[in-house]
Amino acid sequence: MLALAVVALVFATVPVIFFLLNRTVYRPTVKIPKNTPLPGVSVLIPARNEAANISAALECILANPMTEMEVIVLDDHSTDDTATIVRSLAANDSRVRLESAPPLPDDWCGKQHACHHLAGLAQFPYLVFVDADVRLSSDSLARMIHFMESNQADDTRLNANNYSGPVALASGVPRQQTETLLEQLLIPLIHFLLMAYLPMRRMRTDLALSLAAGCGQLFIARADAYRQADGHEAIKRSLHDGVKLPRAFRKKGMMTGLFDATDLATCRMYRGATETWQGLGKNAIEGLAAPRLIGIMTVMMFCGQVLPWVLIPFATGWSLGLALTAAAVSLVPRVAGAVQFQQSKLGAALHPLSIILLLAIQWQAFFKWMLGMTNSWKGRSYGAIKKQTSAPTKPVTAAGVRA
């Protein structure tokens, strides 16, 4: 029992150390004076059956006082009023443009295909990919562009990759709005996993693919770098752009970064228990449920976040003291995250249950992958992800020619 308590304390302490170190790196973008000259930006929104979201999303984006801005919405074969709503808004604001997605090829994921097509239609030097359920603040675009213009990779501790240069792709996790219990338990784990297990300082100086991280809800990229990295076409079969898009940039030798988007954007990621469970499971095999990762991550998270609580009822003496300490320590990142990122306090209090549920989702996804079962999302079915072997083609530009 004493040995288990020691193990629990060690595995609970490591995420706390990572969290504290990462807080010095994962910071909000700075506010800048109004009318600061900035390059133009193309805001790109893939929209499939987003009638409930698209109007509010566009209104928030258009509240940004950018001198040079275009907002392109790609209607991805919606069966609701998405296109009608966008068309009405575009009639009153020339910055908004509605486009229709071409047919989805068999070897593409719907969102990646839509984003690839959107990038080909964009004309400005910065591309912001944003989901329709994200609400941007009125200064978000200027602050993200300023981050890209001023933020340099920390070149004081260069490793063998010898990289020193501007960030080519950056991402931030919006403030996650959660209402139902399962949302409150599981959605905040996005921040927990980033802050407690990703060495962000090393991420800033090392191009290792294992350090790639992002949030698919909100990306900003340099347009020229995006094309050099083959953008979303490099990940066309993927359902997990949050990890795979930064990895595509890193494969081409370009640095990726993260910023705290809590005060830049909000998002209601999923609605209800069923959608939350299915949504987190649809791309899990490309994340924590990956065959080479699921075992070690299960051990790390169970031993540090669940085991202390399991031991408490059975431990005595020194073992009980260590188990209680480990349990208290395990809550530090989740409670601190709830404060810093404006998350559910109830979800933080039930953190061990959150981890159990998350691990259940990962193992369900793993076994579905092993059995060759498909995942369904937005009315489309996707099989097991396989390695891409075909050479990527260049995106179509706004002028209609290959870049």
# chains A, B, ... in the order shown; residues from 1 in each chain; ligands from 1
>>> closest_atom_pairs(of="region 174-228 of chain A", to="region 274-287 of chain A", cutoff="12 Å", atoms="only C-alpha atoms", output="CSV")
residue,atom,partner,partner_atom,distance
A:Thr178,CA,A:Thr276,CA,10.3
A:Glu179,CA,A:Thr276,CA,11.2
A:Thr180,CA,A:Thr276,CA,9.6
A:Leu181,CA,A:Thr276,CA,10.3
A:Leu182,CA,A:Thr276,CA,7.1
A:Glu183,CA,A:Thr276,CA,6.4
A:Gln184,CA,A:Thr276,CA,10.1
A:Leu185,CA,A:Thr276,CA,10.2
A:Leu186,CA,A:Thr276,CA,8.0
A:Ile187,CA,A:Thr276,CA,8.1
A:Pro188,CA,A:Thr276,CA,11.9
A:Leu189,CA,A:Leu280,CA,10.7
A:Ile190,CA,A:Leu280,CA,10.2
A:Leu193,CA,A:Gly287,CA,11.1
A:Ser210,CA,A:Gly287,CA,10.8
A:Ala212,CA,A:Gly287,CA,11.1
A:Ala213,CA,A:Gly287,CA,10.3
A:Gly214,CA,A:Gly287,CA,11.7
A:Gly216,CA,A:Asn283,CA,11.6
>>> write_last_selection(atoms="C-alpha atoms", output="compact mmCIF listing (two decimals), in the first residue's frame")
# COMPACT_ATOMS: atom_id res chain seq x y z
CA THR A 178 -20.46 24.05 -20.63
CA GLU A 179 -23.97 23.44 -19.36
CA THR A 180 -24.76 19.76 -18.91
CA LEU A 181 -22.88 17.66 -16.36
CA LEU A 182 -20.90 15.63 -18.90
CA GLU A 183 -19.80 18.82 -20.64
CA GLN A 184 -18.61 20.23 -17.32
CA LEU A 185 -16.72 17.05 -16.52
CA LEU A 186 -15.04 16.45 -19.86
CA ILE A 187 -14.65 19.64 -21.91
CA PRO A 188 -12.29 21.38 -19.42
CA LEU A 189 -9.90 18.45 -19.83
CA ILE A 190 -8.77 20.10 -23.07
CA LEU A 193 -4.16 17.85 -20.92
CA SER A 210 5.33 14.92 -30.66
CA ALA A 212 2.55 19.57 -32.00
CA ALA A 213 -0.59 20.92 -30.33
CA GLY A 214 -3.48 23.18 -31.15
CA GLY A 216 -9.23 22.99 -34.15
>>> residues_around(residues="region 305-307 of chain A", least_positions_apart="5", cutoff="8 Å", atoms="only C-alpha atoms", output="mmCIF file with N, CA and C atoms, in the first residue's frame")
data_model
loop_
_atom_site.group_PDB
_atom_site.id
_atom_site.type_symbol
_atom_site.label_atom_id
_atom_site.label_comp_id
_atom_site.auth_asym_id
_atom_site.auth_seq_id
_atom_site.Cartn_x
_atom_site.Cartn_y
_atom_site.Cartn_z
ATOM 1 N N ALA A 8 1.355 7.063 -6.573
ATOM 2 C CA ALA A 8 0.270 8.012 -6.806
ATOM 3 C C ALA A 8 0.746 9.450 -6.614
ATOM 4 N N PHE A 11 3.034 10.519 -9.618
ATOM 5 C CA PHE A 11 2.280 10.765 -10.847
ATOM 6 C C PHE A 11 1.325 11.952 -10.703
ATOM 7 N N ALA A 12 0.943 12.297 -9.487
ATOM 8 C CA ALA A 12 0.103 13.475 -9.279
ATOM 9 C C ALA A 12 0.923 14.756 -9.284
ATOM 10 N N ALA A 327 -3.996 13.049 -3.464
ATOM 11 C CA ALA A 327 -5.333 13.449 -3.901
ATOM 12 C C ALA A 327 -5.455 14.969 -3.968
ATOM 13 N N SER A 330 -3.409 16.266 -6.894
ATOM 14 C CA SER A 330 -4.011 15.960 -8.195
ATOM 15 C C SER A 330 -5.061 16.984 -8.603
ATOM 16 N N LEU A 331 -5.659 17.647 -7.633
ATOM 17 C CA LEU A 331 -6.702 18.636 -7.937
ATOM 18 C C LEU A 331 -6.142 20.004 -8.319
ATOM 19 N N HIS A 351 -13.098 15.917 -10.527
ATOM 20 C CA HIS A 351 -12.001 15.632 -11.452
ATOM 21 C C HIS A 351 -11.683 14.142 -11.620
ATOM 22 N N PRO A 352 -11.595 13.337 -10.559
ATOM 23 C CA PRO A 352 -11.293 11.904 -10.767
ATOM 24 C C PRO A 352 -12.321 11.217 -11.663
ATOM 25 N N LEU A 353 -13.588 11.573 -11.493
ATOM 26 C CA LEU A 353 -14.623 11.012 -12.355
ATOM 27 C C LEU A 353 -14.415 11.439 -13.801
ATOM 28 N N ILE A 355 -11.594 11.982 -15.303
ATOM 29 C CA ILE A 355 -10.518 11.178 -15.873
ATOM 30 C C ILE A 355 -10.999 9.774 -16.208
ATOM 31 N N ILE A 356 -11.793 9.194 -15.339
ATOM 32 C CA ILE A 356 -12.332 7.854 -15.603
ATOM 33 C C ILE A 356 -13.161 7.857 -16.882
#
>>> residues_around(residues="region 120-134 of chain A", least_positions_apart="4", cutoff="6 Å", atoms="only C-alpha atoms", output="short mmCIF file (atom, residue, chain, number, x, y, z; two decimals) with C-alpha atoms, in the first residue's frame")
data_model
loop_
_atom_site.label_atom_id
_atom_site.label_comp_id
_atom_site.auth_asym_id
_atom_site.auth_seq_id
_atom_site.Cartn_x
_atom_site.Cartn_y
_atom_site.Cartn_z
CA GLY A 40 -5.02 41.94 -43.95
CA VAL A 41 -6.78 38.80 -42.78
CA SER A 42 -9.07 36.23 -44.35
CA VAL A 43 -11.48 34.71 -41.84
CA LEU A 44 -12.52 31.29 -43.06
CA ILE A 45 -15.55 29.43 -41.73
CA ASN A 53 -24.69 29.41 -35.10
CA ILE A 54 -23.63 31.21 -38.23
CA ALA A 57 -20.54 33.99 -35.40
CA GLN A 217 -11.77 25.63 -33.12
CA LEU A 218 -9.36 28.52 -33.78
CA PHE A 219 -6.20 28.67 -35.90
CA ILE A 220 -4.25 31.55 -37.42
CA ALA A 221 -1.66 30.88 -40.10
CA ARG A 222 0.63 32.82 -42.38
CA ALA A 223 -0.84 32.22 -45.82
CA THR A 266 -15.94 31.55 -26.47
CA CYS A 267 -17.30 28.26 -27.73
CA PRO A 395 -4.95 24.64 -53.51
CA VAL A 396 -6.97 26.72 -55.93
CA THR A 397 -6.36 30.42 -55.36
CA ALA A 398 -8.93 33.21 -55.41
#
>>> residues_around(residues="Trp369 (chain A)", least_positions_apart="4", cutoff="8 Å", atoms="only C-alpha atoms", output="PDB file with C-alpha atoms, in the first residue's frame")
ATOM      1  CA  ILE A 285      -7.610   7.376 -32.143  1.00  0.00           C
ATOM      2  CA  ALA A 365     -12.321   4.545 -29.553  1.00  0.00           C
ATOM      3  CA  MET A 373     -15.625   0.293 -37.047  1.00  0.00           C
ATOM      4  CA  THR A 374     -16.486   3.681 -38.537  1.00  0.00           C
ATOM      5  CA  ALA A 384      -9.953   4.043 -39.755  1.00  0.00           C
TER       6      ALA A 384
END
>>> select_by_dssp(residues="region 106-280 of chain A", states="alpha helix (DSSP H)", output="ChimeraX atom specification")
/A:110-121,140-150,181-186,189-197,200-203,223-228,241-251,273-280
>>> write_last_selection(atoms="C-alpha atoms", output="tab-separated table (two decimals), in the first residue's frame")
chain	number	residue	atom	x	y	z
A	110	GLY	CA	-15.32	16.96	-44.65
A	111	LYS	CA	-13.85	19.72	-42.50
A	112	GLN	CA	-10.34	19.41	-43.93
A	113	HIS	CA	-11.73	19.54	-47.47
A	114	ALA	CA	-13.77	22.63	-46.64
A	115	CYS	CA	-10.81	24.41	-45.02
A	116	HIS	CA	-8.54	23.50	-47.95
A	117	HIS	CA	-11.04	24.97	-50.38
A	118	LEU	CA	-11.49	28.09	-48.25
A	119	ALA	CA	-7.73	28.70	-48.14
A	120	GLY	CA	-7.66	28.59	-51.91
A	121	LEU	CA	-10.24	31.37	-52.05
A	140	SER	CA	-9.47	39.22	-31.40
A	141	LEU	CA	-8.25	39.44	-34.99
A	142	ALA	CA	-5.93	42.38	-34.36
A	143	ARG	CA	-4.47	40.69	-31.27
A	144	MET	CA	-3.89	37.38	-33.05
A	145	ILE	CA	-2.21	39.06	-36.00
A	146	HIS	CA	-0.04	41.12	-33.63
A	147	PHE	CA	0.91	37.88	-31.88
A	148	MET	CA	2.06	36.42	-35.20
A	149	GLU	CA	3.86	39.60	-36.24
A	150	SER	CA	5.73	40.13	-32.98
A	181	LEU	CA	-22.88	17.66	-16.36
A	182	LEU	CA	-20.90	15.63	-18.90
A	183	GLU	CA	-19.80	18.82	-20.64
A	184	GLN	CA	-18.61	20.23	-17.32
A	185	LEU	CA	-16.72	17.05	-16.52
A	186	LEU	CA	-15.04	16.45	-19.86
A	189	LEU	CA	-9.90	18.45	-19.83
A	190	ILE	CA	-8.77	20.10	-23.07
A	191	HIS	CA	-6.90	22.66	-20.99
A	192	PHE	CA	-5.89	20.09	-18.37
A	193	LEU	CA	-4.16	17.85	-20.92
A	194	LEU	CA	-2.38	20.76	-22.60
A	195	MET	CA	-1.20	22.37	-19.39
A	196	ALA	CA	-0.40	19.24	-17.38
A	197	TYR	CA	1.29	17.01	-19.94
A	200	MET	CA	5.35	24.03	-23.78
A	201	ARG	CA	8.77	25.57	-23.22
A	202	ARG	CA	10.35	22.81	-25.24
A	203	MET	CA	7.59	23.16	-27.83
A	223	ALA	CA	-0.84	32.22	-45.82
A	224	ASP	CA	2.53	31.62	-47.48
A	225	ALA	CA	3.55	29.14	-44.76
A	226	TYR	CA	0.19	27.39	-45.02
A	227	ARG	CA	0.75	26.73	-48.71
A	228	GLN	CA	4.33	25.57	-48.14
A	241	ASP	CA	-6.82	18.98	-37.04
A	242	GLY	CA	-5.95	20.24	-33.55
A	243	VAL	CA	-2.95	17.90	-33.51
A	244	LYS	CA	-2.42	17.05	-37.16
A	245	LEU	CA	-2.35	20.57	-38.68
A	246	PRO	CA	0.49	21.79	-36.40
A	247	ARG	CA	2.28	18.54	-37.14
A	248	ALA	CA	2.05	19.20	-40.90
A	249	PHE	CA	3.75	22.59	-40.41
A	250	ARG	CA	6.45	21.07	-38.22
A	251	LYS	CA	7.16	18.40	-40.83
A	273	ALA	CA	-24.11	14.10	-22.99
A	274	THR	CA	-24.52	12.12	-26.21
A	275	GLU	CA	-22.93	14.73	-28.44
A	276	THR	CA	-20.09	15.25	-25.95
A	277	TRP	CA	-19.30	11.54	-25.76
A	278	GLN	CA	-19.48	11.03	-29.51
A	279	GLY	CA	-17.63	14.25	-30.29
A	280	LEU	CA	-14.66	13.46	-28.06
>>> select_by_dssp(residues="region 214-289 of chain A", states="strand (DSSP E or B)", output="list of chain:residue names")
A:Leu218, A:Phe219, A:Ile220, A:Ala221, A:Arg222, A:Thr256, A:Gly257, A:Leu258, A:Phe259, A:Asp260, A:Ala261, A:Thr262, A:Asp263, A:Leu264, A:Ala265, A:Thr266, A:Cys267
>>> closest_residue(among="A:Ala323, A:Pro199, A:Pro39, A:Leu169", to="Leu211 (chain A)", atoms="only C-alpha atoms")
A:Pro199
>>> closest_residue(among="A:Val329, A:Leu239, A:Ala91, A:Met66", to="Lys34 (chain A)", atoms="only C-alpha atoms")
A:Met66
>>> closest_residue(among="A:Val335, A:Ala315, A:Val71, A:Val30", to="Val16 (chain A)", atoms="only C-alpha atoms")
A:Val335
>>> atom_distance(atom1="CA of Thr262 (chain A)", atom2="CA of Lys345 (chain A)")
16.2 Å
>>> atom_distance(atom1="CA of Asn92 (chain A)", atom2="CA of Leu62 (chain A)")
11.5 Å
>>> closest_residue(among="A:Val332, A:Val7, A:Leu74, A:Leu359", to="Glu50 (chain A)", atoms="only C-alpha atoms")
A:Leu74
>>> atom_distance(atom1="CA of Ala47 (chain A)", atom2="CA of Ile85 (chain A)")
11.5 Å
>>> residues_around(residues="Ser137 (chain A)", least_positions_apart="6", cutoff="10 Å", atoms="only C-alpha atoms", output="MDAnalysis selection string")
chainID A and resid 60:64 261 263:266
>>> decode(residues="region 362-374 of chain A", atoms="N, CA and C atoms", output="JSON list (two decimals), in the first residue's frame")
[["chain", "number", "residue", "atom", "x", "y", "z"],
["A", 362, "GLN", "N", -11.49, 6.96, -24.56],
["A", 362, "GLN", "CA", -10.29, 6.62, -25.32],
["A", 362, "GLN", "C", -10.24, 5.12, -25.62],
["A", 363, "TRP", "N", -10.54, 4.29, -24.64],
["A", 363, "TRP", "CA", -10.49, 2.85, -24.86],
["A", 363, "TRP", "C", -11.62, 2.37, -25.76],
["A", 364, "GLN", "N", -12.78, 3.01, -25.67],
["A", 364, "GLN", "CA", -13.85, 2.68, -26.61],
["A", 364, "GLN", "C", -13.42, 2.99, -28.04],
["A", 365, "ALA", "N", -12.80, 4.16, -28.23],
["A", 365, "ALA", "CA", -12.32, 4.54, -29.55],
["A", 365, "ALA", "C", -11.25, 3.59, -30.04],
["A", 366, "PHE", "N", -10.36, 3.19, -29.14],
["A", 366, "PHE", "CA", -9.29, 2.26, -29.51],
["A", 366, "PHE", "C", -9.85, 0.93, -29.99],
["A", 367, "PHE", "N", -10.80, 0.37, -29.25],
["A", 367, "PHE", "CA", -11.37, -0.92, -29.64],
["A", 367, "PHE", "C", -12.20, -0.81, -30.91],
["A", 368, "LYS", "N", -12.87, 0.32, -31.10],
["A", 368, "LYS", "CA", -13.59, 0.53, -32.36],
["A", 368, "LYS", "C", -12.62, 0.55, -33.53],
["A", 369, "TRP", "N", -11.48, 1.19, -33.32],
["A", 369, "TRP", "CA", -10.44, 1.23, -34.36],
["A", 369, "TRP", "C", -9.89, -0.17, -34.63],
["A", 370, "MET", "N", -9.66, -0.92, -33.57],
["A", 370, "MET", "CA", -9.15, -2.29, -33.72],
["A", 370, "MET", "C", -10.13, -3.16, -34.52],
["A", 371, "LEU", "N", -11.41, -2.93, -34.32],
["A", 371, "LEU", "CA", -12.44, -3.73, -34.99],
["A", 371, "LEU", "C", -12.80, -3.17, -36.36],
["A", 372, "GLY", "N", -12.16, -2.07, -36.75],
["A", 372, "GLY", "CA", -12.43, -1.49, -38.06],
["A", 372, "GLY", "C", -13.76, -0.80, -38.17],
["A", 373, "MET", "N", -14.32, -0.37, -37.04],
["A", 373, "MET", "CA", -15.62, 0.29, -37.05],
["A", 373, "MET", "C", -15.47, 1.75, -37.48],
["A", 374, "THR", "N", -16.52, 2.31, -38.05],
["A", 374, "THR", "CA", -16.49, 3.68, -38.54],
["A", 374, "THR", "C", -16.97, 4.66, -37.47]]
